[in-house]
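Each remark here refers to the structure printed beneath this line.
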Amino acid sequence: MNILAPSVLGADFARLGEQIRETRDGGAAYLHLDVMDGAFVPSISFGMPVISAVRSCSDQVFDVHMMVQEPGRYVEAIKAAGADLICVHQEACTHLDRTIHQIKEAGLKAGVALNPATPVSVLDCILDLPDMFLLMSVNPGFGGQKFIPYTLEKIRCLREKLNARGLVTDIEVDGGITLENVQQVLDAGANVMVVGSAVFKGDARKNTQAFMEKMR
Ligand code: DX5
Ligand code: ZN
């Protein structure tokens, strides 16, 4: 199933609740929430208080992307804030296997993310553990960047690895996705599209509907 996950980072924070409702009304099943610590990535975004505040605006699946060093430290707090899925970076976890289990034992879905320059081969040992893989198609930290074309080959490679093992795990792609390139990303084998600017610039409801139409 193809899923759209509008990224809150692209929203107008002065009208956050309203904009989130527009994406829900447009048909987006997920909401992507980027937590940044100013250490793993250069920027700082938002954390638990914002996630719990917007939880009341939406029944979407809350897909929390932790761009944070050692995110295992925050699993319980992010769960309490309202996350359904916690995605951690392979590059940020000293004990990735432990962190994945920690998230699953908390009763949440677990995702593992990779930066553009990290090869998918680092996932070989844990391929059957996560509920989702997140391949970054920009260097994480900021919205509004350009899609990095070589990441398409990483999507194909990961989908092949999963198929070879009989796994139907979701592959999410994050960064620089537009109405113009989304088909290429789907064709490469990904099924969860994170979209910030291209949803929230302009009419979020209409833009969401336009993506849903393309992704059918
Ligand atoms: C970037 C974030 C993304 C970002 C995507 O570090 O992880 O989720 O909001 O924004 P766009 O779609 O504008 O590239
Ligand atoms: Zn993200």
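Within each chain, counting starts at residue 1; across the structure tokens, chains are named A, B, ... in the order shown, with ligands numbered 1 upward in that order.
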Quiz prompt | Spatial neighbours of region 142-145 of chain A, 10 Å, only C-alpha atoms, chain gap at least 3 places, as a VMD selection string | solution = chain A and resid 7 to 10 34 36 41 to 45 137 to 139 148 174 to 177 195 to 198
Practice problem: Any chance you could list, as an MDAnalysis selection string, the residues in region 7-204 of chain A that come up alpha helix (DSSP H) when DSSP is run on the backbone? | Solution: chainID A and resid 16:26 48:55 75:81 96:105 151:164 182:188 197:200 204
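For Val68 (chain A), the list of residues within 12 Å, based on only C-alpha atoms and with local chain neighbours fewer than 5 positions off taken out, reads Asp34, Val35, Met36, Asp37, Gly38, Ala39, Phe40, Val41, Pro42, Ser43, Ile44, Ser45, Phe46, Gly47, Arg73, Tyr74, Val75, Ile86, Cys87, Val88, His89, Gln90, Glu91, Ala92, Cys93, Ala113, Pro140 and Gly141 of chain A.
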Quiz item: What residues in region 17-186 of chain A get the DSSP label strand (DSSP E or B)? Please answer as a PyMOL selection string.
Solution: chain A and resi 30-37+44+61-67+85-89+109-114+132-136+170-174
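For the residues A:Asp63, A:Asp128, A:Asp97, A:Asp187, ranking by smallest atom-to-atom distance to ligand 2 using only C-alpha atoms and all ligand atoms places A:Asp63 first.
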Self-check item: Shell around Leu96 (chain A) at 12 Å using only C-alpha atoms, local window under 3 positions removed, as an MDAnalysis selection string
Solution: chainID A and resid 69:72 87:93 99:103 110:113 122:123 125:127 129:130
